[in-house]
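Content type CSV, C-alpha atoms, from the file protein-v5.csv:
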```csv
chain,number,residue,atom,x,y,z
F,1,MET,CA,-5.7,-18.8,-10.1
F,2,ASN,CA,-3.5,-15.8,-10.5
F,3,SER,CA,0.0,-14.6,-9.7
F,4,PHE,CA,-0.8,-11.6,-7.6
F,5,GLY,CA,1.3,-13.0,-4.7
F,6,ALA,CA,4.4,-13.3,-6.9
F,7,ILE,CA,3.9,-9.8,-8.4
F,8,ARG,CA,3.4,-8.2,-5.0
F,9,THR,CA,6.5,-9.9,-3.6
F,10,THR,CA,8.5,-8.8,-6.7
F,11,LEU,CA,7.3,-5.2,-6.2
F,12,ALA,CA,8.2,-5.2,-2.5
F,13,VAL,CA,11.7,-6.5,-3.3
F,14,ALA,CA,12.0,-3.9,-6.1
F,15,VAL,CA,11.3,-1.2,-3.5
F,16,VAL,CA,14.2,-2.5,-1.3
F,17,TYR,CA,16.5,-2.7,-4.3
F,18,SER,CA,15.6,0.8,-5.4
F,19,HIS,CA,16.2,2.2,-1.9
F,20,ALA,CA,19.6,0.7,-1.7
F,21,TYR,CA,21.1,3.3,-4.0
F,22,PRO,CA,20.0,6.5,-2.1
F,23,LEU,CA,20.1,5.0,1.4
F,24,GLY,CA,23.3,3.1,1.2
F,25,PHE,CA,25.3,5.3,-1.2
F,26,GLY,CA,23.5,8.6,-1.7
F,27,ARG,CA,23.0,7.8,-5.4
F,28,PRO,CA,19.9,8.2,-7.6
F,29,ALA,CA,17.7,5.2,-7.6
F,30,PRO,CA,17.2,3.1,-10.7
F,31,LEU,CA,14.9,4.6,-13.4
F,32,SER,CA,15.4,8.1,-11.9
F,33,GLN,CA,17.8,9.2,-14.6
F,34,PHE,CA,16.2,7.2,-17.4
F,35,SER,CA,12.8,8.8,-16.7
F,36,GLY,CA,14.2,12.3,-16.5
F,37,GLY,CA,13.3,12.5,-12.8
F,38,GLN,CA,9.6,11.5,-13.3
F,39,ILE,CA,9.9,8.5,-11.1
F,40,ASP,CA,12.3,5.8,-9.8
F,41,LEU,CA,11.9,2.0,-9.5
F,42,GLY,CA,10.7,2.1,-5.9
F,43,ARG,CA,7.9,4.6,-6.6
F,44,LEU,CA,6.9,2.8,-9.7
F,45,ALA,CA,6.6,-0.4,-7.6
F,46,VAL,CA,4.3,1.6,-5.2
F,47,VAL,CA,2.1,2.5,-8.2
F,48,GLY,CA,1.9,-1.2,-9.0
F,49,PHE,CA,0.8,-2.0,-5.4
F,50,PHE,CA,-2.0,0.5,-5.7
F,51,ALA,CA,-3.2,-1.0,-9.0
F,52,LEU,CA,-3.3,-4.5,-7.6
F,53,SER,CA,-4.8,-3.3,-4.4
F,54,GLY,CA,-7.6,-1.5,-6.2
F,55,PHE,CA,-8.5,-4.8,-7.9
F,56,MET,CA,-8.4,-7.0,-4.7
F,57,ILE,CA,-9.9,-4.5,-2.3
F,58,THR,CA,-12.9,-3.8,-4.6
F,59,GLY,CA,-13.6,-7.6,-4.7
F,60,SER,CA,-13.5,-7.7,-1.0
F,61,ALA,CA,-15.9,-4.7,-0.7
F,62,MET,CA,-18.4,-6.3,-3.0
F,63,ARG,CA,-18.5,-9.5,-1.0
F,64,SER,CA,-18.8,-8.0,2.5
F,65,THR,CA,-20.9,-5.7,4.6
F,66,ILE,CA,-19.3,-2.4,5.4
F,67,GLY,CA,-18.5,-3.5,9.0
F,68,ARG,CA,-16.9,-6.7,7.9
F,69,TYR,CA,-15.0,-5.0,5.1
F,70,SER,CA,-13.6,-2.4,7.5
F,71,TRP,CA,-12.6,-5.1,10.0
F,72,HIS,CA,-10.8,-7.1,7.3
F,73,ARG,CA,-8.9,-4.1,6.0
F,74,ALA,CA,-7.8,-3.0,9.6
F,75,LEU,CA,-6.6,-6.6,10.3
F,76,ARG,CA,-4.5,-6.7,7.2
F,77,ILE,CA,-2.7,-3.4,7.6
F,78,LEU,CA,-2.6,-2.2,11.2
F,79,PRO,CA,-1.1,-5.1,13.2
F,80,GLY,CA,1.8,-5.4,10.8
F,81,LEU,CA,2.3,-1.7,10.8
F,82,TRP,CA,2.2,-1.3,14.6
F,83,ALA,CA,4.5,-4.3,15.1
F,84,SER,CA,7.1,-2.7,12.7
F,85,LEU,CA,6.9,0.5,14.7
F,86,LEU,CA,7.5,-1.4,18.0
F,87,VAL,CA,10.5,-3.1,16.4
F,88,CYS,CA,11.8,0.3,15.4
F,89,VAL,CA,11.4,2.0,18.8
F,90,LEU,CA,12.2,-1.0,21.0
F,91,LEU,CA,15.0,-2.7,19.1
F,92,VAL,CA,16.5,-1.0,16.1
F,93,ALA,CA,16.6,2.6,17.3
F,94,PRO,CA,17.9,1.8,20.8
F,95,ALA,CA,20.6,-0.4,19.4
F,96,LEU,CA,21.8,2.4,17.1
F,97,TYR,CA,21.5,5.0,19.9
F,98,TYR,CA,23.6,2.8,22.2
F,99,ARG,CA,26.2,2.2,19.5
F,100,THR,CA,26.7,6.0,19.2
F,101,HIS,CA,26.3,7.1,22.9
F,102,HIS,CA,27.4,3.9,24.7
F,103,SER,CA,24.3,4.1,26.8
F,104,LEU,CA,20.5,4.7,26.5
F,105,ASP,CA,20.6,7.8,28.7
F,106,GLY,CA,18.4,10.4,26.9
F,107,TYR,CA,16.9,8.0,24.4
F,108,TRP,CA,13.4,8.0,25.9
F,109,SER,CA,13.5,11.6,27.1
F,110,HIS,CA,14.7,13.0,23.7
F,111,SER,CA,12.6,15.9,22.3
F,112,HIS,CA,12.1,13.7,19.2
F,113,GLY,CA,12.1,10.4,21.1
F,114,PRO,CA,10.2,7.2,20.5
F,115,LEU,CA,6.9,8.2,22.1
F,116,ARG,CA,6.7,11.3,19.9
F,117,TYR,CA,7.6,9.2,16.9
F,118,LEU,CA,4.8,6.7,17.7
F,119,LYS,CA,2.3,9.5,18.1
F,120,GLY,CA,2.8,10.5,14.5
F,121,ALA,CA,3.5,7.1,13.0
F,122,TRP,CA,0.7,4.9,14.3
F,123,ASN,CA,-1.4,5.9,11.3
F,124,ALA,CA,1.6,6.1,8.9
F,125,SER,CA,1.3,9.9,8.6
F,126,LEU,CA,4.8,10.4,10.1
F,127,SER,CA,3.4,13.8,11.3
F,128,THR,CA,5.8,14.1,14.2
F,129,GLY,CA,9.0,13.5,12.3
F,130,PHE,CA,11.0,10.8,10.5
F,131,ASP,CA,13.7,10.0,13.0
F,132,ILE,CA,13.8,8.6,16.5
F,133,SER,CA,16.1,10.3,19.0
F,134,ASN,CA,18.3,11.4,16.1
F,135,VAL,CA,19.7,7.9,15.6
F,136,ILE,CA,19.7,8.3,11.8
F,137,ASP,CA,20.8,11.9,12.0
F,138,ASP,CA,23.8,10.7,13.9
F,139,GLY,CA,24.5,8.4,11.0
F,140,VAL,CA,24.2,11.2,8.5
F,141,LYS,CA,26.7,13.3,10.4
F,142,ALA,CA,29.0,10.3,10.6
F,143,GLY,CA,28.8,9.8,6.8
F,144,THR,CA,27.2,6.3,7.0
F,145,ASN,CA,23.6,7.3,6.1
F,146,TYR,CA,22.2,9.6,3.5
F,147,ASP,CA,18.5,9.9,4.3
F,148,PRO,CA,17.1,11.4,7.6
F,149,GLY,CA,14.3,8.9,8.1
F,150,ILE,CA,14.2,5.6,9.9
F,151,ASN,CA,11.3,4.3,7.8
F,152,GLY,CA,10.4,6.5,4.9
F,153,SER,CA,8.4,3.7,3.2
F,154,LEU,CA,5.4,4.2,5.5
F,155,TRP,CA,4.2,7.3,3.7
F,156,SER,CA,2.3,5.3,1.1
F,157,LEU,CA,0.3,3.4,3.7
F,158,ASP,CA,-1.5,6.6,4.7
F,159,TYR,CA,-2.8,6.9,1.1
F,160,GLU,CA,-3.5,3.2,0.9
F,161,MET,CA,-5.8,3.4,3.9
F,162,LEU,CA,-7.5,6.5,2.4
F,163,CYS,CA,-8.3,4.5,-0.7
F,164,TYR,CA,-9.7,1.8,1.5
F,165,VAL,CA,-12.0,4.3,3.0
F,166,MET,CA,-13.0,5.6,-0.4
F,167,MET,CA,-13.9,2.1,-1.6
F,168,GLY,CA,-15.8,1.4,1.6
F,169,LEU,CA,-17.9,4.5,1.1
F,170,LEU,CA,-18.7,3.4,-2.5
F,171,ALA,CA,-19.6,0.0,-1.3
F,172,ALA,CA,-21.8,1.3,1.5
F,173,GLY,CA,-23.6,3.5,-0.9
F,174,GLY,CA,-24.4,0.6,-3.2
F,175,VAL,CA,-22.3,1.9,-6.0
F,176,LEU,CA,-20.3,-1.3,-6.6
F,177,LEU,CA,-23.4,-3.4,-7.0
F,178,ARG,CA,-26.1,-1.1,-8.4
F,179,ALA,CA,-24.2,1.8,-10.1
F,180,LYS,CA,-20.8,0.4,-10.9
F,181,LYS,CA,-20.4,2.7,-13.9
F,182,THR,CA,-19.6,5.4,-11.3
F,183,VAL,CA,-16.2,3.8,-10.7
F,184,PRO,CA,-14.9,4.1,-14.3
F,185,LEU,CA,-16.3,7.6,-14.4
F,186,LEU,CA,-14.4,8.5,-11.3
F,187,THR,CA,-11.3,6.9,-12.9
F,188,LEU,CA,-11.8,9.2,-15.9
F,189,VAL,CA,-12.1,12.2,-13.7
F,190,GLY,CA,-8.8,11.2,-12.1
F,191,TRP,CA,-7.2,10.7,-15.4
F,192,ILE,CA,-8.3,14.2,-16.6
F,193,LEU,CA,-6.8,15.7,-13.5
F,194,VAL,CA,-3.5,13.8,-14.0
F,195,PHE,CA,-3.4,14.7,-17.7
F,196,GLU,CA,-4.0,18.4,-17.0
F,197,ASP,CA,-1.3,18.3,-14.4
F,198,TRP,CA,1.1,17.0,-16.9
F,199,ARG,CA,-0.1,19.2,-19.8
F,200,THR,CA,0.2,22.4,-17.8
F,201,THR,CA,3.7,21.7,-16.3
F,202,PRO,CA,6.6,23.2,-18.3
F,203,GLY,CA,8.5,20.6,-20.3
F,204,PHE,CA,7.5,17.3,-21.9
F,205,VAL,CA,9.4,15.2,-19.4
F,206,ASN,CA,8.4,16.5,-16.1
F,207,TYR,CA,7.4,15.8,-12.5
F,208,PRO,CA,4.6,18.2,-11.5
F,209,HIS,CA,5.7,18.4,-7.8
F,210,HIS,CA,4.3,21.9,-7.3
F,211,MET,CA,0.8,21.0,-8.4
F,212,GLY,CA,-0.8,20.3,-5.1
F,213,PHE,CA,-1.5,21.4,-1.5
F,214,TYR,CA,-1.9,19.8,1.9
F,215,ILE,CA,-5.1,19.2,3.7
F,216,HIS,CA,-5.7,17.9,7.2
F,217,VAL,CA,-7.9,14.7,7.2
F,218,PRO,CA,-9.1,13.5,10.6
F,219,VAL,CA,-7.3,10.3,11.7
F,220,PHE,CA,-5.0,10.4,8.7
F,221,GLY,CA,-3.3,13.7,9.4
F,222,GLN,CA,-1.7,15.9,6.6
F,223,VAL,CA,-2.6,14.6,3.1
F,224,TYR,CA,-0.9,15.9,0.0
F,225,THR,CA,-3.7,16.3,-2.5
F,226,GLN,CA,-1.6,15.5,-5.6
F,227,TYR,CA,-0.3,12.2,-4.1
F,228,PHE,CA,-3.8,11.2,-3.3
F,229,VAL,CA,-5.2,12.1,-6.7
F,230,TYR,CA,-2.4,10.2,-8.5
F,231,LEU,CA,-2.5,7.1,-6.3
F,232,ALA,CA,-6.3,7.0,-6.1
F,233,PHE,CA,-6.4,7.2,-9.9
F,234,VAL,CA,-4.3,4.0,-10.1
F,235,PHE,CA,-6.3,2.4,-7.4
F,236,LEU,CA,-9.5,3.1,-9.3
F,237,LEU,CA,-8.0,1.6,-12.4
F,238,GLY,CA,-7.6,-1.6,-10.5
F,239,ALA,CA,-11.2,-1.3,-9.2
F,240,THR,CA,-12.5,-0.8,-12.7
F,241,VAL,CA,-10.7,-4.0,-13.9
F,242,GLN,CA,-12.3,-5.9,-11.0
F,243,LEU,CA,-15.8,-4.6,-11.9
F,244,TYR,CA,-15.4,-5.3,-15.7
F,245,LYS,CA,-12.9,-8.2,-15.7
F,246,GLU,CA,-15.2,-10.3,-17.9
F,247,ARG,CA,-15.1,-7.6,-20.6
F,248,ILE,CA,-11.4,-6.7,-20.5
F,249,PRO,CA,-9.3,-8.7,-22.9
F,250,ILE,CA,-6.1,-10.3,-21.7
F,251,HIS,CA,-4.1,-10.3,-24.9
F,252,ALA,CA,-0.4,-10.6,-25.6
F,253,GLY,CA,-0.6,-7.8,-28.2
F,254,LEU,CA,-2.1,-5.4,-25.7
F,255,ALA,CA,0.5,-6.4,-23.2
F,256,LEU,CA,3.3,-5.6,-25.7
F,257,LEU,CA,1.7,-2.3,-26.6
F,258,SER,CA,1.5,-1.5,-22.8
F,259,ALA,CA,5.1,-2.3,-22.4
F,260,VAL,CA,6.1,0.0,-25.3
F,261,VAL,CA,3.9,2.9,-23.9
F,262,LEU,CA,5.4,2.4,-20.4
F,263,VAL,CA,9.0,2.6,-21.6
F,264,ALA,CA,8.3,5.4,-24.0
F,265,SER,CA,6.5,7.5,-21.4
F,266,LEU,CA,9.3,6.8,-18.9
F,267,ARG,CA,11.9,8.1,-21.4
F,268,TYR,CA,10.0,10.8,-23.3
F,269,GLY,CA,7.4,12.0,-20.8
F,270,GLY,CA,3.7,11.6,-20.0
F,271,LEU,CA,4.4,8.7,-17.6
F,272,PHE,CA,1.6,9.6,-15.2
F,273,ALA,CA,-1.1,10.1,-17.8
F,274,PHE,CA,-0.1,7.3,-20.2
F,275,GLY,CA,2.4,5.1,-18.5
F,276,TYR,CA,0.4,4.4,-15.3
F,277,PRO,CA,-2.6,2.8,-17.2
F,278,ALA,CA,-0.1,0.9,-19.4
F,279,PHE,CA,1.8,-0.4,-16.3
F,280,ALA,CA,-1.5,-1.4,-14.6
F,281,TYR,CA,-2.6,-3.4,-17.6
F,282,LEU,CA,0.8,-5.1,-17.9
F,283,LEU,CA,0.6,-6.2,-14.3
F,284,PHE,CA,-2.9,-7.7,-14.7
F,285,TRP,CA,-1.7,-9.5,-17.9
F,286,LEU,CA,1.2,-10.9,-16.0
F,287,ALA,CA,-1.1,-12.0,-13.1
F,288,VAL,CA,-3.1,-14.1,-15.5
F,289,ARG,CA,-0.4,-15.3,-17.9
F,290,LEU,CA,2.6,-16.1,-15.7
F,291,PRO,CA,3.2,-19.9,-15.5
F,292,ARG,CA,1.6,-22.0,-12.8
F,293,PRO,CA,4.6,-22.1,-10.4
F,294,PHE,CA,4.3,-18.3,-9.9
F,295,GLN,CA,0.7,-18.8,-8.9
F,296,ARG,CA,1.7,-20.6,-5.8
F,297,ILE,CA,3.8,-17.8,-4.4
F,298,GLY,CA,2.2,-15.8,-1.6
F,299,VAL,CA,-0.8,-18.1,-1.4
F,300,LYS,CA,0.0,-19.7,2.0
F,301,ARG,CA,2.5,-17.1,3.2
F,302,ASP,CA,2.5,-13.5,2.0
F,303,PHE,CA,5.8,-11.8,3.0
F,304,SER,CA,5.2,-8.8,0.6
F,305,TYR,CA,3.8,-6.5,3.2
F,306,GLY,CA,6.5,-7.3,5.7
F,307,ILE,CA,9.2,-6.8,3.1
F,308,TYR,CA,7.7,-3.4,2.4
F,309,VAL,CA,7.3,-2.1,6.0
F,310,TYR,CA,10.7,-3.4,7.2
F,311,GLY,CA,13.0,-2.9,4.2
F,312,PHE,CA,13.7,0.8,4.7
F,313,THR,CA,14.5,0.4,8.4
F,314,VAL,CA,16.8,-2.6,7.8
F,315,GLU,CA,18.7,-0.7,5.0
F,316,GLN,CA,19.2,2.3,7.3
F,317,ALA,CA,20.4,0.1,10.1
F,318,VAL,CA,22.8,-1.8,7.9
F,319,ALA,CA,24.2,1.5,6.6
F,320,ALA,CA,24.6,2.9,10.1
F,321,LEU,CA,26.5,-0.2,11.1
F,322,GLY,CA,28.9,0.2,8.1
F,323,GLY,CA,27.5,-2.5,5.9
F,324,ASN,CA,27.5,-0.2,2.9
F,325,ALA,CA,31.3,0.2,3.2
F,326,HIS,CA,31.7,-3.2,1.6
F,327,GLY,CA,30.0,-2.3,-1.7
F,328,MET,CA,26.5,-2.7,-3.2
F,329,LYS,CA,26.4,-6.5,-3.4
F,330,VAL,CA,27.2,-7.0,0.3
F,331,TYR,CA,25.0,-4.2,1.4
F,332,LEU,CA,22.1,-5.4,-0.6
F,333,LEU,CA,22.5,-9.0,0.5
F,334,LEU,CA,22.6,-8.0,4.2
F,335,SER,CA,19.6,-5.7,3.7
F,336,LEU,CA,17.5,-8.2,1.9
F,337,GLY,CA,18.4,-11.0,4.3
F,338,GLY,CA,17.5,-9.0,7.3
F,339,THR,CA,14.3,-7.7,5.6
F,340,VAL,CA,13.1,-11.2,4.6
F,341,LEU,CA,13.8,-12.5,8.1
F,342,LEU,CA,11.7,-9.8,9.7
F,343,ALA,CA,9.0,-10.1,7.1
F,344,ALA,CA,8.8,-13.9,7.8
F,345,LEU,CA,8.5,-13.2,11.6
F,346,SER,CA,5.9,-10.6,10.9
F,347,TRP,CA,3.8,-13.0,8.9
F,348,TYR,CA,4.0,-15.9,11.3
F,349,LEU,CA,3.8,-14.0,14.6
F,350,VAL,CA,1.6,-11.0,13.7
F,351,GLU,CA,-0.1,-10.9,10.3
F,352,LYS,CA,-1.3,-14.5,10.0
F,353,PRO,CA,-2.6,-14.7,13.6
F,354,ALA,CA,-4.4,-11.4,13.2
F,355,LEU,CA,-6.1,-12.6,10.0
F,356,LYS,CA,-7.5,-15.6,11.9
F,357,ALA,CA,-9.8,-13.1,13.6
F,358,LYS,CA,-11.4,-12.0,10.4
F,359,ASP,CA,-14.7,-13.8,11.2
F,360,TRP,CA,-14.8,-12.4,14.8
F,361,THR,CA,-18.0,-10.5,15.6
F,362,PRO,CA,-18.6,-8.3,18.7
F,363,ARG,CA,-20.9,-10.0,21.2
F,364,PRO,CA,-23.7,-7.3,20.9
F,365,VAL,CA,-23.7,-7.6,17.1
F,366,ARG,CA,-23.8,-11.4,17.3
F,367,ALA,CA,-26.6,-11.4,19.8
F,368,LEU,CA,-28.6,-9.0,17.7
F,369,ALA,CA,-28.1,-11.2,14.6
F,370,GLU,CA,-29.1,-14.3,16.5
F,371,ARG,CA,-32.3,-12.6,17.7
F,372,ARG,CA,-33.2,-11.6,14.2
F,373,ALA,CA,-32.5,-15.1,13.0
F,374,ARG,CA,-34.8,-16.6,15.6
F,375,ARG,CA,-37.6,-14.2,14.8
F,376,ALA,CA,-37.3,-15.0,11.1
F,377,ALA,CA,-37.4,-18.8,11.9
F,378,VAL,CA,-40.7,-18.6,13.9
F,379,PRO,CA,-43.5,-19.8,11.6
F,380,VAL,CA,-46.4,-17.4,11.1
F,381,PRO,CA,-49.7,-19.3,11.9
F,382,ALA,CA,-52.1,-19.5,9.0
F,383,GLU,CA,-55.4,-17.7,9.4
F,384,PRO,CA,-58.3,-20.1,9.9
F,385,ALA,CA,-60.3,-20.6,6.8
F,386,GLY,CA,-63.7,-18.8,7.0
F,387,LYS,CA,-67.0,-20.1,5.9
F,388,PRO,CA,-67.5,-20.1,2.1
F,389,VAL,CA,-69.3,-17.1,0.8
F,390,PRO,CA,-72.3,-18.2,-1.2
F,391,THR,CA,-72.4,-17.1,-4.8
F,392,PRO,CA,-75.4,-14.8,-5.4
```
Encoding of this model in structure tokens:
Amino acid sequence: MNSFGAIRTTLAVAVVYSHAYPLGFGRPAPLSQFSGGQIDLGRLAVVGFFALSGFMITGSAMRSTIGRYSWHRALRILPGLWASLLVCVLLVAPALYYRTHHSLDGYWSHSHGPLRYLKGAWNASLSTGFDISNVIDDGVKAGTNYDPGINGSLWSLDYEMLCYVMMGLLAAGGVLLRAKKTVPLLTLVGWILVFEDWRTTPGFVNYPHHMGFYIHVPVFGQVYTQYFVYLAFVFLLGATVQLYKERIPIHAGLALLSAVVLVASLRYGGLFAFGYPAFAYLLFWLAVRLPRPFQRIGVKRDFSYGIYVYGFTVEQAVAALGGNAHGMKVYLLLSLGGTVLLAALSWYLVEKPALKAKDWTPRPVRALAERRARRAAVPVPAEPAGKPVPTP
């Protein structure tokens, strides 16, 4: 047993809490000032998601064929994503548009309307814009909103899915079972790139935002290489822990040291090279050492994904409706309440039913497997014994 569910839920709530500051009040998110601009609480929570995901996804890849692995990953991420997009374009955005314009005239025909938004958001790339029919831009002009996007949290899902593809390729190539040392070697390469990024950027406390470029990846759209390298590095850290979990000590002293390194790197620099590995170890230590009640969270119902994909949208809607005018406590309470409600509906109506199809097999594939099984079950007749050959 472990507490991955509790930790994932905590990280998702941390993202919502972190976003409340810039979205509701135009203020820096927690940890931003303390870290010298290296990171904020929301982005640090995303890093934690990638570390845990690397661990769990690698385990899934080792237990499955590439087809089954791909099917499981698609079921876990796409139905919930697509449902959240439909909620945005069919409910949230029209309501905000109607509130401003007192009708829906022009909503669907807008140059940056819902169909255009879905075209760029179905794969979480957000390649066709961050707003829908300017409903959030209207809020920015009115002074109620401070960010131009209706769901800025989706950006990380694009990189998450790319990491799934990377792990699937490693599994299909037999690396995870026959050459698993490749994974820590790739992790080391990632760490060297991250370290060099930090070392060559002016200043000790820095965020190397200019150390990358965009490439176009089929299906996934525009990918920022630096984001992928950094997040894939953390994902591979989790994968390495999965492959060598019997050899990695879970020790309170190492957890304390990791906490010290994390806080020191946040404050004095080197977060990406030193703080990320420390944070990853700290999360795995907590997953093992948290008391038993935490181990029950998220086992039967996992709201963490829904909290993540709906939090940003709910916060923007609450701000547009004036909920932030009543202060942080009221704004955060309304945002979390709406987010958890949508996350629960997402789990029971979309995610959980989708996961029930994890064992589904296409009819042609099933028929082929059945034919192979029948052939394998047919006994091979033994050759008749010949006459004994006399010994000379």
- For stretch 141-156 of chain F, please output as a list of chain:residue names all residues within 6 Å (counting only C-alpha atoms; exclusion window: fewer than 2 positions along the same chain).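 Using only C-alpha atoms, the neighbours found are F:Leu23, F:Gly26, F:Ala124, F:Phe130, F:Asp131, F:Ile136, F:Asp137, F:Asp138, F:Gly139, F:Asp158, F:Tyr159, F:Phe312, F:Thr313, F:Ala319, F:Ala320.
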Within 8 Å of file point (12.1, -1.0, -1.7), counting all atoms listed in the file, expressed as a PDB file with C-alpha atoms, keeping the file's coordinate frame:
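selection_29.pdb, written as the output of this step:
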```
ATOM      1  CA  LEU F  11       7.300  -5.200  -6.200  1.00  0.00           C
ATOM      2  CA  ALA F  12       8.200  -5.200  -2.500  1.00  0.00           C
ATOM      3  CA  VAL F  13      11.700  -6.500  -3.300  1.00  0.00           C
ATOM      4  CA  ALA F  14      12.000  -3.900  -6.100  1.00  0.00           C
ATOM      5  CA  VAL F  15      11.300  -1.200  -3.500  1.00  0.00           C
ATOM      6  CA  VAL F  16      14.200  -2.500  -1.300  1.00  0.00           C
ATOM      7  CA  TYR F  17      16.500  -2.700  -4.300  1.00  0.00           C
ATOM      8  CA  SER F  18      15.600   0.800  -5.400  1.00  0.00           C
ATOM      9  CA  HIS F  19      16.200   2.200  -1.900  1.00  0.00           C
ATOM     10  CA  ALA F  20      19.600   0.700  -1.700  1.00  0.00           C
ATOM     11  CA  GLY F  42      10.700   2.100  -5.900  1.00  0.00           C
ATOM     12  CA  SER F 153       8.400   3.700   3.200  1.00  0.00           C
ATOM     13  CA  TYR F 308       7.700  -3.400   2.400  1.00  0.00           C
ATOM     14  CA  GLY F 311      13.000  -2.900   4.200  1.00  0.00           C
ATOM     15  CA  PHE F 312      13.700   0.800   4.700  1.00  0.00           C
TER      16      PHE F 312
END
```
- Message: List as a list in words the residues having at least one atom at most 9 Å from position (-3.8, -1.1, -9.6) as given in the file, counting all atoms listed in the file.
- Response: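 The requested residues, written out, are Val47, Gly48, Phe49, Phe50, Ala51, Leu52, Ser53, Gly54, Phe55, Met56, Leu231, Phe233, Val234, Phe235, Leu236, Leu237, Gly238, Ala239, Val241, Tyr276, Pro277, Phe279, Ala280, Tyr281, Leu283 and Phe284 of chain F.
For the pair atom CA of F:Asn206 and atom CA of F:Arg267, the separation is 10.5 Å.
In this structure, atom CA of F:Gly270 sits 8.1 Å away from atom CA of F:Phe195.
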